[in-house]
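Peer 1: Quick one: this structure, given as structure tokens, is what I'll be asking you about.
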Amino acid sequence: MAELVSSTHRLHRYTGKERDAESGLDNFDARYYGSSMGRFMSPDPSGLLAQRPADPQSWNMYAYARNNPLINIDPTGLDCVYANDAGNGVESIDHSSNSGECGQNGGSWAPGYVNENWVKFNDNTQQFQAVSLNGTVDYTTFAAGATTQFNANESACTSGCSGFSTANAGWLQGQLEANGVDLGGYLPFLANRTEPLGGGFGMRLLSGPLNPNDDNWAGPGGFGPPSGRGDWAASVHDYSFSQYGENGIHLSMYFNPTLSPATSNALIQANSTLIRNAGGVQGVKMGMFFGVVNAFQWYANSWK
């Protein structure tokens, strides 16, 4: 038994992290660290969205704790959100925490990097809406002081939460790029949207999956964790429309034959991206409706 304990002890090296005997890398949950090189083996999960031009150290996405381990630590590279005393706003976000420390200090754990602009308190639901980035885009809703923990890239909530949803960041990025917009603007849009889904139950039934009560984004407006593939694609569609021109693209434009070619083409592209990515029953419904819109706009453009 003494030898077993000794062997186990030897596996835990730099900052107490477990070292893989075969690769020699230390497991920091979100990524692996190579102690021989003093660098992580993959870039920070936040990507370039966490970089600040005035802070040169923020541009090194492989460094451990800003290259200053005497002062800073980086247990997982993931983040803890602390609510203010009133419970209706964010007091701070700790970028050098772990799920245990976060919970002990009354914070709520997010499975990835969280920017201060990616958290919003919704007065209607009395819940925080937090979006985090960790190779996936994760959407979590929770009350102040909700108990959460990190578990296999998911935000496991034991109390005070109302929803969690995740989607592959690369899949979302491809849709955004197809529509001429970017992930950096989409993430705060996703977190800060607080309007209820427009159109009522009828719109949910028309646009959403078989269970319209699970649909939070299909249709005009919407907030909350996207309920599935089609709902995530609908949120990209909403963001793309909001970004075009001074006032964005609206429902009233769908069958407007006088739109400029640029606006009409942007509308067609965003609709096509949604139809292609929604999938399943929702994809069929999107195709039936937006396919007609696209055909109308294409025909209108042919006369301009």
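Every chain in the structure tokens takes a letter, A first, then B, and so on in the order presented; its residues are numbered from 1, and the ligands are numbered from 1 following the presented order.
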Mind checking which residues fall within 12 Å of Asn84 (chain A), counting only C-alpha atoms, ignoring those fewer than 3 positions away in the same chain, and posting them as a CSV table (one decimal) with C-alpha atoms, in the first residue's frame?

Peer 2:
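Saved the output as result-v3.csv:
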```
chain,number,residue,atom,x,y,z
A,81,VAL,CA,-18.9,34.4,-12.4
A,87,GLY,CA,-28.0,39.6,-7.2
A,88,ASN,CA,-28.9,41.5,-10.4
A,89,GLY,CA,-25.6,42.2,-12.0
A,90,VAL,CA,-22.0,40.9,-12.4
A,91,GLU,CA,-19.5,41.9,-9.8
A,92,SER,CA,-16.5,40.2,-11.3
A,93,ILE,CA,-15.4,37.2,-13.4
A,106,GLY,CA,-20.4,31.8,-3.8
A,107,GLY,CA,-19.7,32.1,-7.6
A,121,PHE,CA,-29.1,39.7,-16.0
A,128,PHE,CA,-28.3,35.5,-15.5
A,143,ALA,CA,-29.7,32.7,-10.5
A,144,ALA,CA,-27.2,34.6,-8.4
A,145,GLY,CA,-25.2,32.1,-6.3
```

Peer 1: Excluding Thr125 (chain A) and its own-chain neighbours fewer than 3 positions away, which residues fall within 12 Å of it when counting only C-alpha atoms? Please give them as a ChimeraX atom specification.

Peer 2: /A:88,120-122,128-129,141-143,161-163,194-196,223-224

Peer 1: For the atom pair CA of Leu187 (chain A) and CA of Gly221 (chain A), what is the interatomic distance in Å to one decimal place?

Peer 2: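 Between CA of Leu187 (chain A) and CA of Gly221 (chain A) the gap works out to 15.5 Å.
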
Peer 1: Do a neighbour search on Leu267 (chain A) at 12 Å with only C-alpha atoms, toss out local chain neighbours closer than 5 positions, and write the hits as a PyMOL selection string.

Peer 2: chain A and resi 178-180+237-245+248-256+259-262+272-274+290-291+293-298+301

Peer 1: Mind writing the picked residues with C-alpha atoms as a compact mmCIF listing (two decimals), in the first residue's frame?

Peer 2:
```txt
# COMPACT_ATOMS: atom_id res chain seq x y z
CA ALA A 178 -21.30 32.47 -44.71
CA ASN A 179 -23.53 35.39 -43.72
CA GLY A 180 -20.66 37.88 -43.58
CA HIS A 237 -30.12 33.87 -38.40
CA ASP A 238 -31.40 36.46 -35.91
CA TYR A 239 -27.92 37.90 -35.39
CA SER A 240 -27.18 38.06 -39.12
CA PHE A 241 -30.42 39.97 -39.74
CA SER A 242 -29.71 42.39 -36.88
CA GLN A 243 -26.29 43.30 -38.29
CA TYR A 244 -27.30 44.29 -41.82
CA GLY A 245 -27.64 48.00 -42.46
CA GLY A 248 -31.18 45.43 -39.75
CA ILE A 249 -33.49 43.15 -41.73
CA HIS A 250 -37.08 42.79 -40.52
CA LEU A 251 -40.09 40.59 -41.27
CA SER A 252 -41.67 43.38 -43.32
CA MET A 253 -38.81 43.09 -45.81
CA TYR A 254 -39.39 39.43 -46.68
CA PHE A 255 -41.80 40.13 -49.54
CA ASN A 256 -40.70 43.68 -50.30
CA LEU A 259 -35.12 46.19 -51.48
CA SER A 260 -31.68 47.08 -52.73
CA PRO A 261 -29.84 44.15 -54.34
CA ALA A 262 -27.34 44.14 -51.44
CA SER A 272 -30.19 29.75 -47.08
CA THR A 273 -27.71 29.26 -44.22
CA LEU A 274 -30.58 28.65 -41.80
CA PHE A 290 -37.86 30.79 -46.29
CA GLY A 291 -37.60 28.97 -49.60
CA VAL A 293 -39.13 34.18 -49.44
CA ASN A 294 -35.87 33.48 -51.26
CA ALA A 295 -37.68 32.66 -54.50
CA PHE A 296 -39.62 35.92 -54.28
CA GLN A 297 -36.46 37.97 -53.64
CA TRP A 298 -34.56 36.21 -56.40
CA ASN A 301 -33.79 40.95 -58.15
```

Peer 1: Which neighbours of Asp231 (chain A) fall inside 8 Å, counting only C-alpha atoms, when residues of the same chain fewer than 6 positions from it are skipped, and could you give them as a list in words?

Peer 2: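 So the residues in contact are Gly208, Asp215, Asn216, Trp217, Ala218 and Ala278 of chain A.
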
Peer 1: Give me, as a list in words, all polymer residues having an atom no more than 8 Å from Asp94 (chain A), counting only C-alpha atoms and skipping those fewer than 4 positions away in the same chain.

Peer 2: Asp79, Cys80, Val81 and Tyr82 of chain A

Peer 1: Please provide the set of residues having any atom within 8 Å of Asn27 (chain A), restricted to only C-alpha atoms, with same-chain residues fewer than 6 positions apart removed, written as a list in words.

Peer 2: Lys17, Glu18, Arg19, Asp20 and Tyr33 of chain A

Peer 1: Would you return as an MDAnalysis selection string the members of region 98-297 of chain A that DSSP assigns to strand (DSSP E) on this structure's backbone?

Peer 2: chainID A and resid 108:110 119:122 127:133 136:151 154:168
